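Novice: You'll find input.pdb just under this line, and it carries PDB, C-alpha atoms, pLDDT in the B column.
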```pdb
MODEL        1
ATOM      1  CA  MET A 214     167.326 100.089 123.877  1.00 44.00           C
ATOM      2  CA  THR A 215     164.809 102.787 122.973  1.00 51.00           C
ATOM      3  CA  GLY A 216     161.873 102.097 120.664  1.00 46.00           C
ATOM      4  CA  THR A 217     163.426 104.299 117.995  1.00 46.00           C
ATOM      5  CA  VAL A 218     166.728 102.447 118.050  1.00 52.00           C
ATOM      6  CA  ARG A 219     164.987  99.066 118.129  1.00 54.00           C
ATOM      7  CA  ASP A 220     162.731  99.932 115.193  1.00 48.00           C
ATOM      8  CA  GLY A 221     165.688 101.248 113.213  1.00 48.00           C
ATOM      9  CA  ALA A 222     167.716  98.094 113.892  1.00 54.00           C
ATOM     10  CA  LEU A 223     164.809  95.916 112.772  1.00 52.00           C
ATOM     11  CA  ASP A 224     164.310  97.968 109.600  1.00 52.00           C
ATOM     12  CA  LEU A 225     167.992  97.607 108.737  1.00 50.00           C
ATOM     13  CA  LEU A 226     167.969  93.885 109.514  1.00 54.00           C
ATOM     14  CA  LEU A 227     164.908  93.300 107.351  1.00 50.00           C
ATOM     15  CA  GLY A 228     166.137  95.476 104.514  1.00 54.00           C
ATOM     16  CA  GLY A 229     163.751  98.386 105.045  1.00 78.00           C
ATOM     17  CA  ALA A 230     163.923 101.673 103.180  1.00 90.00           C
ATOM     18  CA  CYS A 231     162.347 105.101 103.587  1.00 94.00           C
ATOM     19  CA  VAL A 232     159.089 105.355 101.647  1.00 95.00           C
ATOM     20  CA  GLY A 233     159.872 108.987 100.896  1.00 95.00           C
ATOM     21  CA  CYS A 234     163.436 108.898  99.565  1.00 94.00           C
ATOM     22  CA  ALA A 235     164.251 105.154  99.421  1.00 93.00           C
ATOM     23  CA  ARG A 236     167.224 105.585 101.745  1.00 90.00           C
ATOM     24  CA  PRO A 237     168.005 102.210 103.396  1.00 88.00           C
ATOM     25  CA  GLY A 238     166.950 101.991 107.017  1.00 83.00           C
ATOM     26  CA  ARG A 239     163.748 103.215 108.633  1.00 87.00           C
ATOM     27  CA  LEU A 240     160.390 103.329 106.873  1.00 92.00           C
ATOM     28  CA  LEU A 241     160.494 107.103 107.263  1.00 94.00           C
ATOM     29  CA  CYS A 242     163.952 108.612 107.603  1.00 93.00           C
ATOM     30  CA  PRO A 243     164.534 111.613 109.903  1.00 93.00           C
ATOM     31  CA  GLY A 244     164.927 113.942 106.927  1.00 95.00           C
ATOM     32  CA  CYS A 245     161.610 113.000 105.336  1.00 96.00           C
ATOM     33  CA  ARG A 246     159.872 113.052 108.716  1.00 95.00           C
ATOM     34  CA  ASP A 247     161.172 116.573 109.385  1.00 95.00           C
ATOM     35  CA  GLU A 248     159.750 117.751 106.050  1.00 96.00           C
ATOM     36  CA  LEU A 249     156.207 116.666 106.930  1.00 96.00           C
ATOM     37  CA  PRO A 250     153.767 119.509 107.710  1.00 95.00           C
ATOM     38  CA  ALA A 251     153.331 120.431 111.373  1.00 93.00           C
ATOM     39  CA  ALA A 252     149.961 122.138 110.874  1.00 95.00           C
ATOM     40  CA  ALA A 253     146.841 121.713 108.758  1.00 97.00           C
ATOM     41  CA  THR A 254     144.710 123.821 106.426  1.00 96.00           C
ATOM     42  CA  PRO A 255     141.093 123.757 105.247  1.00 97.00           C
ATOM     43  CA  ALA A 256     140.801 121.497 102.205  1.00 96.00           C
ATOM     44  CA  TRP A 257     137.480 122.005 100.459  1.00 95.00           C
ATOM     45  CA  PRO A 258     136.728 119.621  97.577  1.00 94.00           C
ATOM     46  CA  THR A 259     135.569 121.030  94.258  1.00 91.00           C
ATOM     47  CA  PRO A 260     132.621 120.911  93.915  1.00 91.00           C
ATOM     48  CA  VAL A 261     131.724 120.925  97.613  1.00 94.00           C
ATOM     49  CA  PRO A 262     129.117 118.307  98.589  1.00 94.00           C
ATOM     50  CA  ALA A 263     126.096 120.179  99.934  1.00 94.00           C
ATOM     51  CA  GLY A 264     126.203 120.570 103.691  1.00 96.00           C
ATOM     52  CA  LEU A 265     129.757 119.300 104.213  1.00 97.00           C
ATOM     53  CA  VAL A 266     131.315 120.556 107.447  1.00 98.00           C
ATOM     54  CA  GLU A 267     134.732 122.165 107.157  1.00 97.00           C
ATOM     55  CA  PRO A 268     137.345 119.607 106.071  1.00 98.00           C
ATOM     56  CA  TRP A 269     140.951 119.951 107.250  1.00 98.00           C
ATOM     57  CA  ALA A 270     144.022 118.216 105.807  1.00 98.00           C
ATOM     58  CA  ALA A 271     147.593 118.176 107.047  1.00 98.00           C
ATOM     59  CA  ALA A 272     149.233 117.444 103.705  1.00 97.00           C
ATOM     60  CA  VAL A 273     148.728 117.323  99.971  1.00 96.00           C
ATOM     61  CA  TYR A 274     148.282 113.791  98.653  1.00 97.00           C
ATOM     62  CA  GLU A 275     151.533 113.560  96.779  1.00 96.00           C
ATOM     63  CA  GLY A 276     155.180 112.729  97.389  1.00 96.00           C
ATOM     64  CA  THR A 277     156.037 111.372 100.825  1.00 97.00           C
ATOM     65  CA  ALA A 278     152.514 111.755 102.238  1.00 97.00           C
ATOM     66  CA  ARG A 279     151.061 109.678  99.404  1.00 97.00           C
ATOM     67  CA  ALA A 280     153.785 107.051  99.782  1.00 97.00           C
ATOM     68  CA  MET A 281     153.054 106.808 103.500  1.00 97.00           C
ATOM     69  CA  VAL A 282     149.321 106.320 103.010  1.00 97.00           C
ATOM     70  CA  LEU A 283     149.832 103.674 100.332  1.00 96.00           C
ATOM     71  CA  GLY A 284     152.600 102.007 102.317  1.00 95.00           C
ATOM     72  CA  LEU A 285     150.288 101.442 105.264  1.00 95.00           C
ATOM     73  CA  LYS A 286     147.193 100.545 103.270  1.00 93.00           C
ATOM     74  CA  GLU A 287     148.570  98.456 100.447  1.00 91.00           C
ATOM     75  CA  ARG A 288     151.907  97.166 101.745  1.00 91.00           C
ATOM     76  CA  GLY A 289     151.061  96.651 105.395  1.00 91.00           C
ATOM     77  CA  LEU A 290     153.917  98.850 106.651  1.00 92.00           C
ATOM     78  CA  LEU A 291     152.429  99.195 110.126  1.00 92.00           C
ATOM     79  CA  GLY A 292     155.277 101.364 111.377  1.00 93.00           C
ATOM     80  CA  LEU A 293     153.842 104.232 109.315  1.00 95.00           C
ATOM     81  CA  ALA A 294     150.711 104.446 111.484  1.00 96.00           C
ATOM     82  CA  GLY A 295     152.608 106.634 113.957  1.00 96.00           C
ATOM     83  CA  PRO A 296     153.734 109.435 111.608  1.00 97.00           C
ATOM     84  CA  LEU A 297     150.395 109.295 109.790  1.00 98.00           C
ATOM     85  CA  GLY A 298     148.703 109.657 113.165  1.00 98.00           C
ATOM     86  CA  SER A 299     150.732 112.808 113.774  1.00 97.00           C
ATOM     87  CA  LEU A 300     149.443 114.305 110.529  1.00 98.00           C
ATOM     88  CA  LEU A 301     145.858 113.376 111.358  1.00 98.00           C
ATOM     89  CA  ALA A 302     146.225 114.848 114.846  1.00 98.00           C
ATOM     90  CA  ALA A 303     147.187 118.176 113.273  1.00 98.00           C
ATOM     91  CA  ALA A 304     144.114 118.059 111.020  1.00 98.00           C
ATOM     92  CA  VAL A 305     141.877 117.361 114.017  1.00 98.00           C
ATOM     93  CA  SER A 306     143.245 119.993 116.362  1.00 97.00           C
ATOM     94  CA  CYS A 307     144.326 122.931 114.187  1.00 96.00           C
ATOM     95  CA  GLU A 308     142.128 125.903 115.184  1.00 96.00           C
ATOM     96  CA  LEU A 309     139.641 123.581 116.899  1.00 96.00           C
ATOM     97  CA  PRO A 310     138.166 125.488 119.866  1.00 92.00           C
ATOM     98  CA  ARG A 311     139.277 124.024 123.182  1.00 90.00           C
ATOM     99  CA  GLY A 312     136.878 122.728 125.796  1.00 89.00           C
ATOM    100  CA  GLY A 313     134.549 119.752 125.917  1.00 93.00           C
ATOM    101  CA  ARG A 314     134.849 116.180 124.796  1.00 97.00           C
ATOM    102  CA  VAL A 315     135.897 115.309 121.240  1.00 98.00           C
ATOM    103  CA  VAL A 316     135.238 111.916 119.650  1.00 98.00           C
ATOM    104  CA  LEU A 317     137.071 110.844 116.501  1.00 98.00           C
ATOM    105  CA  VAL A 318     134.986 108.656 114.195  1.00 98.00           C
ATOM    106  CA  PRO A 319     137.020 106.725 111.609  1.00 98.00           C
ATOM    107  CA  VAL A 320     135.391 106.233 108.221  1.00 97.00           C
ATOM    108  CA  PRO A 321     134.549 102.516 107.955  1.00 95.00           C
ATOM    109  CA  SER A 322     136.219 100.214 105.462  1.00 88.00           C
ATOM    110  CA  ARG A 323     134.594  97.292 103.709  1.00 86.00           C
ATOM    111  CA  PRO A 324     134.888  94.218 105.983  1.00 83.00           C
ATOM    112  CA  ARG A 325     136.379  92.069 103.237  1.00 86.00           C
ATOM    113  CA  THR A 326     139.013  94.726 102.560  1.00 84.00           C
ATOM    114  CA  VAL A 327     139.986  94.755 106.245  1.00 86.00           C
ATOM    115  CA  ARG A 328     140.172  90.965 106.240  1.00 86.00           C
ATOM    116  CA  ALA A 329     142.322  90.928 103.112  1.00 86.00           C
ATOM    117  CA  ARG A 330     144.735  93.499 104.534  1.00 88.00           C
ATOM    118  CA  GLY A 331     144.770  91.975 107.989  1.00 89.00           C
ATOM    119  CA  HIS A 332     144.324  95.386 109.599  1.00 88.00           C
ATOM    120  CA  ASP A 333     142.189  98.533 109.450  1.00 94.00           C
ATOM    121  CA  PRO A 334     144.566 101.398 108.543  1.00 95.00           C
ATOM    122  CA  THR A 335     142.092 104.234 109.078  1.00 96.00           C
ATOM    123  CA  ARG A 336     141.214 103.079 112.566  1.00 96.00           C
ATOM    124  CA  ALA A 337     144.884 102.497 113.417  1.00 96.00           C
ATOM    125  CA  VAL A 338     145.858 106.006 112.351  1.00 97.00           C
ATOM    126  CA  THR A 339     142.869 107.508 114.186  1.00 98.00           C
ATOM    127  CA  LEU A 340     143.845 105.732 117.394  1.00 97.00           C
ATOM    128  CA  ARG A 341     147.403 107.079 117.095  1.00 97.00           C
ATOM    129  CA  ALA A 342     146.084 110.593 116.524  1.00 98.00           C
ATOM    130  CA  ALA A 343     143.841 110.400 119.594  1.00 98.00           C
ATOM    131  CA  ARG A 344     146.743 109.210 121.730  1.00 97.00           C
ATOM    132  CA  LEU A 345     148.867 112.168 120.657  1.00 97.00           C
ATOM    133  CA  LEU A 346     146.061 114.644 121.264  1.00 98.00           C
ATOM    134  CA  ARG A 347     145.418 113.290 124.757  1.00 97.00           C
ATOM    135  CA  ARG A 348     149.089 113.828 125.546  1.00 96.00           C
ATOM    136  CA  GLY A 349     148.509 117.431 124.499  1.00 94.00           C
ATOM    137  CA  GLY A 350     145.726 117.819 127.052  1.00 94.00           C
ATOM    138  CA  LEU A 351     142.641 117.321 124.865  1.00 95.00           C
ATOM    139  CA  ASP A 352     139.726 115.178 126.032  1.00 97.00           C
ATOM    140  CA  VAL A 353     139.699 112.922 122.972  1.00 98.00           C
ATOM    141  CA  GLY A 354     138.371 109.440 122.326  1.00 97.00           C
ATOM    142  CA  VAL A 355     137.793 107.169 119.341  1.00 98.00           C
ATOM    143  CA  ALA A 356     134.527 105.434 118.530  1.00 97.00           C
ATOM    144  CA  SER A 357     133.856 103.261 115.477  1.00 96.00           C
ATOM    145  CA  LEU A 358     130.236 104.322 115.154  1.00 97.00           C
ATOM    146  CA  LEU A 359     129.673 103.547 111.473  1.00 96.00           C
ATOM    147  CA  ARG A 360     129.375 100.495 109.271  1.00 93.00           C
ATOM    148  CA  LEU A 361     128.998 100.067 105.527  1.00 92.00           C
ATOM    149  CA  ARG A 362     126.018  98.364 103.960  1.00 80.00           C
ATOM    150  CA  ALA A 363     126.580  95.632 101.399  1.00 63.00           C
ATOM    151  CA  GLY A 364     126.898  96.632  97.756  1.00 57.00           C
ATOM    152  CA  VAL A 365     129.361  99.519  98.065  1.00 55.00           C
ATOM    153  CA  VAL A 366     132.006  99.143  95.363  1.00 53.00           C
ATOM    154  CA  ASP A 367     135.612 100.266  95.325  1.00 57.00           C
ATOM    155  CA  GLN A 368     135.814 104.035  94.746  1.00 52.00           C
ATOM    156  CA  ALA A 369     138.971 103.929  92.627  1.00 56.00           C
ATOM    157  CA  GLY A 370     138.347 105.301  89.144  1.00 58.00           C
ATOM    158  CA  LEU A 371     134.964 106.854  89.965  1.00 56.00           C
ATOM    159  CA  ASP A 372     134.312 110.548  89.341  1.00 57.00           C
ATOM    160  CA  ALA A 373     132.609 112.824  91.875  1.00 55.00           C
ATOM    161  CA  ALA A 374     129.069 112.047  90.729  1.00 60.00           C
ATOM    162  CA  GLN A 375     129.707 108.299  90.641  1.00 59.00           C
ATOM    163  CA  ARG A 376     131.289 108.357  94.075  1.00 56.00           C
ATOM    164  CA  ALA A 377     128.323 110.236  95.507  1.00 54.00           C
ATOM    165  CA  ALA A 378     125.877 107.765  93.951  1.00 58.00           C
ATOM    166  CA  ASN A 379     127.897 104.783  95.155  1.00 58.00           C
ATOM    167  CA  LEU A 380     127.990 106.065  98.728  1.00 63.00           C
ATOM    168  CA  ARG A 381     124.520 107.582  99.049  1.00 62.00           C
ATOM    169  CA  GLY A 382     122.845 105.946 102.031  1.00 71.00           C
ATOM    170  CA  SER A 383     125.744 103.513 102.372  1.00 84.00           C
ATOM    171  CA  MET A 384     126.602 104.108 106.037  1.00 94.00           C
ATOM    172  CA  ARG A 385     124.635 103.088 109.093  1.00 94.00           C
ATOM    173  CA  LEU A 386     125.147 103.675 112.785  1.00 94.00           C
ATOM    174  CA  ARG A 387     126.356 100.805 114.933  1.00 93.00           C
ATOM    175  CA  ALA A 388     123.732 101.090 117.644  1.00 91.00           C
ATOM    176  CA  LEU A 389     125.710  99.268 120.328  1.00 93.00           C
ATOM    177  CA  ALA A 390     128.781 101.441 119.700  1.00 93.00           C
ATOM    178  CA  VAL A 391     126.650 104.584 119.996  1.00 93.00           C
ATOM    179  CA  ARG A 392     125.218 103.416 123.320  1.00 93.00           C
ATOM    180  CA  ARG A 393     128.667 102.574 124.642  1.00 93.00           C
ATOM    181  CA  ALA A 394     129.924 106.042 123.687  1.00 93.00           C
ATOM    182  CA  GLY A 395     127.497 107.517 126.223  1.00 93.00           C
ATOM    183  CA  PHE A 396     126.595 110.700 124.370  1.00 94.00           C
ATOM    184  CA  GLU A 397     123.507 111.260 126.512  1.00 90.00           C
ATOM    185  CA  ARG A 398     125.659 111.366 129.641  1.00 93.00           C
ATOM    186  CA  ARG A 399     128.638 113.111 128.063  1.00 93.00           C
ATOM    187  CA  PRO A 400     127.895 115.162 124.943  1.00 94.00           C
ATOM    188  CA  ALA A 401     130.721 115.392 122.464  1.00 97.00           C
ATOM    189  CA  ARG A 402     131.840 117.087 119.301  1.00 97.00           C
ATOM    190  CA  LEU A 403     132.460 114.516 116.575  1.00 98.00           C
ATOM    191  CA  VAL A 404     135.231 114.631 113.978  1.00 98.00           C
ATOM    192  CA  VAL A 405     134.989 112.343 110.942  1.00 98.00           C
ATOM    193  CA  CYS A 406     138.472 110.944 110.222  1.00 98.00           C
ATOM    194  CA  ASP A 407     139.874 109.449 107.018  1.00 98.00           C
ATOM    195  CA  ASP A 408     143.210 109.077 105.273  1.00 97.00           C
ATOM    196  CA  VAL A 409     142.563 110.963 102.015  1.00 97.00           C
ATOM    197  CA  LEU A 410     139.974 113.506 100.886  1.00 97.00           C
ATOM    198  CA  THR A 411     139.183 113.323  97.170  1.00 94.00           C
ATOM    199  CA  THR A 412     135.654 114.416  96.254  1.00 93.00           C
ATOM    200  CA  GLY A 413     134.309 114.639  99.815  1.00 94.00           C
ATOM    201  CA  SER A 414     131.561 112.083  99.108  1.00 93.00           C
ATOM    202  CA  THR A 415     132.768 109.608 101.725  1.00 94.00           C
ATOM    203  CA  ALA A 416     133.124 112.261 104.407  1.00 96.00           C
ATOM    204  CA  ARG A 417     129.712 113.722 103.612  1.00 96.00           C
ATOM    205  CA  GLU A 418     128.026 110.326 103.846  1.00 95.00           C
ATOM    206  CA  ALA A 419     129.674 109.649 107.203  1.00 97.00           C
ATOM    207  CA  GLN A 420     128.560 113.061 108.419  1.00 97.00           C
ATOM    208  CA  ARG A 421     125.002 112.394 107.247  1.00 96.00           C
ATOM    209  CA  ALA A 422     124.768 109.058 109.039  1.00 96.00           C
ATOM    210  CA  LEU A 423     125.954 110.604 112.303  1.00 97.00           C
ATOM    211  CA  GLU A 424     123.746 113.682 112.088  1.00 96.00           C
ATOM    212  CA  VAL A 425     120.639 111.592 111.440  1.00 92.00           C
ATOM    213  CA  ALA A 426     121.078 110.363 115.011  1.00 92.00           C
ATOM    214  CA  GLY A 427     121.365 113.929 116.298  1.00 94.00           C
ATOM    215  CA  LEU A 428     125.131 113.788 116.833  1.00 96.00           C
ATOM    216  CA  ASP A 429     127.181 116.966 116.520  1.00 97.00           C
ATOM    217  CA  VAL A 430     129.705 116.674 113.670  1.00 98.00           C
ATOM    218  CA  VAL A 431     132.018 119.691 113.735  1.00 98.00           C
ATOM    219  CA  ARG A 432     134.807 118.767 111.331  1.00 98.00           C
ATOM    220  CA  VAL A 433     136.244 116.357 108.811  1.00 98.00           C
ATOM    221  CA  ALA A 434     139.945 115.614 109.368  1.00 98.00           C
ATOM    222  CA  VAL A 435     142.190 113.763 106.931  1.00 98.00           C
ATOM    223  CA  VAL A 436     145.871 113.017 106.597  1.00 98.00           C
ATOM    224  CA  ALA A 437     145.991 114.417 103.064  1.00 98.00           C
ATOM    225  CA  ALA A 438     143.836 115.896 100.328  1.00 97.00           C
ATOM    226  CA  THR A 439     144.337 115.467  96.609  1.00 95.00           C
ATOM    227  CA  PRO A 440     146.219 118.461  95.123  1.00 85.00           C
ATOM    228  CA  ARG A 441     143.306 120.135  93.385  1.00 62.00           C
ATOM    229  CA  ARG A 442     141.275 120.020  96.607  1.00 51.00           C
ATOM    230  CA  ILE A 443     143.487 122.350  98.637  1.00 49.00           C
ATOM    231  CA  SER A 444     142.005 125.851  98.714  1.00 49.00           C
ATOM    232  CA  PRO A 445     144.735 128.396  99.495  1.00 46.00           C
ATOM    233  CA  ALA A 446     142.194 130.865 100.809  1.00 47.00           C
ATOM    234  CA  GLY A 447     140.636 128.245 103.052  1.00 50.00           C
ATOM    235  CA  HIS A 448     137.195 128.615 101.487  1.00 52.00           C
ATOM    236  CA  PRO A 449     135.060 126.496  99.169  1.00 49.00           C
ATOM    237  CA  GLY A 450     135.626 126.850  95.456  1.00 43.00           C
TER     238      GLY A 450
ENDMDL
END
```
Write out the structure in this file as structure tokens.
Specialist:
Amino acid sequence: MTGTVRDGALDLLLGGACVGCARPGRLLCPGCRDELPAAATPAWPTPVPAGLVEPWAAAVYEGTARAMVLGLKERGLLGLAGPLGSLLAAAVSCELPRGGRVVLVPVPSRPRTVRARGHDPTRAVTLRAARLLRRGGLDVGVASLLRLRAGVVDQAGLDAAQRAANLRGSMRLRALAVRRAGFERRPARLVVCDDVLTTGSTAREAQRALEVAGLDVVRVAVVAATPRRISPAGHPG
């Protein structure tokens, strides 16, 4: 029995339904999966946080993409990590120059949030994306290089200025993880990875914390960006 057939049988047995169209069966039916974007576009927030590297998103944060993100994060639907990883892989690799090592750095979650959920969705999706990209011939790894300081509150309901203030100076490097990554022996281009881009404050803070250590951050990659953040021309503003 293939993994696809097994997963489908389990979803049917447990009463699963597609998060996109509510059709009984798999968490993401073939029709909804086929409608997901295959490529990514630049997704500049408005206003753009000063110094933010180019952010790329595979989807707009609405409809099926939004349901997938929330299904994994809030409902623990772990089977969605795979298709979300495919979207993130597109955001990482689209128009990224080939050659050299690439390290994906997931944005850290609050430890108590990870404990409450029982899993770290951003890291899980980043690992899936890296696996897909390696199959495509890219030299890609994942390193959880960042941690959050105490006192960072939930971002929900905060505007751009409040988010920036909440996150300013909130991320620190995990020194042991940086040493294990071996950047002195093998330089790498770093991509900050997250599920959703809203104001860009989280991505910019992650970028800052990495660049303070002299690491080369070349891109922000996310599964989806909120609708008003997508710039059709691919430029800020």
Novice: I'd like the contact shell of range 425-440 of chain A - 6 Å cut-off, all atoms listed in the file, skipping same-chain residues fewer than 6 positions apart - returned as a ChimeraX atom specification.
Specialist: /A:266-274,300-301,304-305,402-411
Novice: Since I can't run it myself right now, could you work out what the PyMOL selection byres ((chain A and resi 412) around 6) selects here and report it as JSON, numbers by chain?
Specialist: {"A": [258, 373, 411, 413, 414]}
Novice: Neighbourhood query: residues within 6 Å of (148.0, 124.1, 112.0), file coordinates, counting only C-alpha atoms; return as a PDB file with C-alpha atoms, in the coordinates of the input.
Specialist:
```pdb
ATOM      1  CA  ALA A 252     149.961 122.138 110.874  1.00 95.00           C
ATOM      2  CA  ALA A 253     146.841 121.713 108.758  1.00 97.00           C
ATOM      3  CA  CYS A 307     144.326 122.931 114.187  1.00 96.00           C
TER       4      CYS A 307
END
```
Novice: Identify all residues satisfying the PyMOL selection byres ((chain A and resi 353-362) around 7) in the given file; provide them as a PyMOL selection string.
Specialist: chain A and resi 314-319+321+323+340+343+346-347+351-352+363-365+383-387+390-391+394
Novice: Please measure the separation of CA of Arg311 in chain A and CA of Gln420 in chain A, giving the value in Å to one decimal.
Specialist: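 So the two atoms, CA of Arg311 in chain A and CA of Gln420 in chain A, lie 21.3 Å apart.
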Novice: With a distance cut-off of 9 Å and only C-alpha atoms, select the neighbouring residues of Pro296 in chain A, excluding the residue or stretch itself and same-chain residues fewer than 3 positions from it, and output the selection as a PyMOL selection string.
Specialist: chain A and resi 241+246+249+281+292-293+299-301+338+341
Novice: One number please: CA of Arg399 in chain A to CA of Arg348 in chain A, in Å, one decimal.
Specialist: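 So the answer is 20.6 Å.
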Novice: So which one's closest to Gly289 in chain A, A:Ala401, A:Ala419, A:Ala329, A:Val320? Using all atoms listed in the file, please.
Specialist: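 Comparing A:Ala401, A:Ala419, A:Ala329, A:Val320 against Gly289 in chain A, the winner is A:Ala329.
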Novice: Let me make sure I understand: among A:Lys286, A:Pro262, A:Pro237, A:Leu423, which one has the smallest atom-to-atom distance to Val327 in chain A if we use all atoms listed in the file?
Specialist: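 Of all the options, A:Lys286 lies closest to Val327 in chain A.
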Novice: Skipping near chain neighbours, those fewer than 3 positions away, what residues fall within 10 Å of Arg330 in chain A using only C-alpha atoms, listed as an MDAnalysis selection string?
Specialist: chainID A and resid 285:289 324:327 333:334
Novice: Those same residues, written as a PDB file, in the frame of the given file with C-alpha atoms?
Specialist:
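New file out_6.pdb:
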```pdb
ATOM      1  CA  LEU A 285     150.288 101.442 105.264  1.00 95.00           C
ATOM      2  CA  LYS A 286     147.193 100.545 103.270  1.00 93.00           C
ATOM      3  CA  GLU A 287     148.570  98.456 100.447  1.00 91.00           C
ATOM      4  CA  ARG A 288     151.907  97.166 101.745  1.00 91.00           C
ATOM      5  CA  GLY A 289     151.061  96.651 105.395  1.00 91.00           C
ATOM      6  CA  PRO A 324     134.888  94.218 105.983  1.00 83.00           C
ATOM      7  CA  ARG A 325     136.379  92.069 103.237  1.00 86.00           C
ATOM      8  CA  THR A 326     139.013  94.726 102.560  1.00 84.00           C
ATOM      9  CA  VAL A 327     139.986  94.755 106.245  1.00 86.00           C
ATOM     10  CA  ASP A 333     142.189  98.533 109.450  1.00 94.00           C
ATOM     11  CA  PRO A 334     144.566 101.398 108.543  1.00 95.00           C
TER      12      PRO A 334
END
```
Novice: Would you list the residues near (167.9, 109.3, 106.3), meaning any protein, DNA or RNA residue with an atom at most 12 Å from that point in file coordinates, counting only C-alpha atoms, as JSON, numbers by chain?
Specialist: {"A": [221, 225, 229, 230, 231, 232, 233, 234, 235, 236, 237, 238, 239, 240, 241, 242, 243, 244, 245, 246, 247, 248]}
Novice: Work out how far apart CA of Ala294 in chain A and CA of Gly349 in chain A are and give it in Å to one decimal.
Specialist: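 Calculated distance between CA of Ala294 in chain A and CA of Gly349 in chain A is 18.5 Å.
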Novice: Kindly indicate which residue among A:Arg328, A:Leu265, A:Pro400, A:Pro255 lies nearest to Glu308 in chain A, using only C-alpha atoms for the distances.
Specialist: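 Among the listed residues, A:Pro255 lies closest to Glu308 in chain A.
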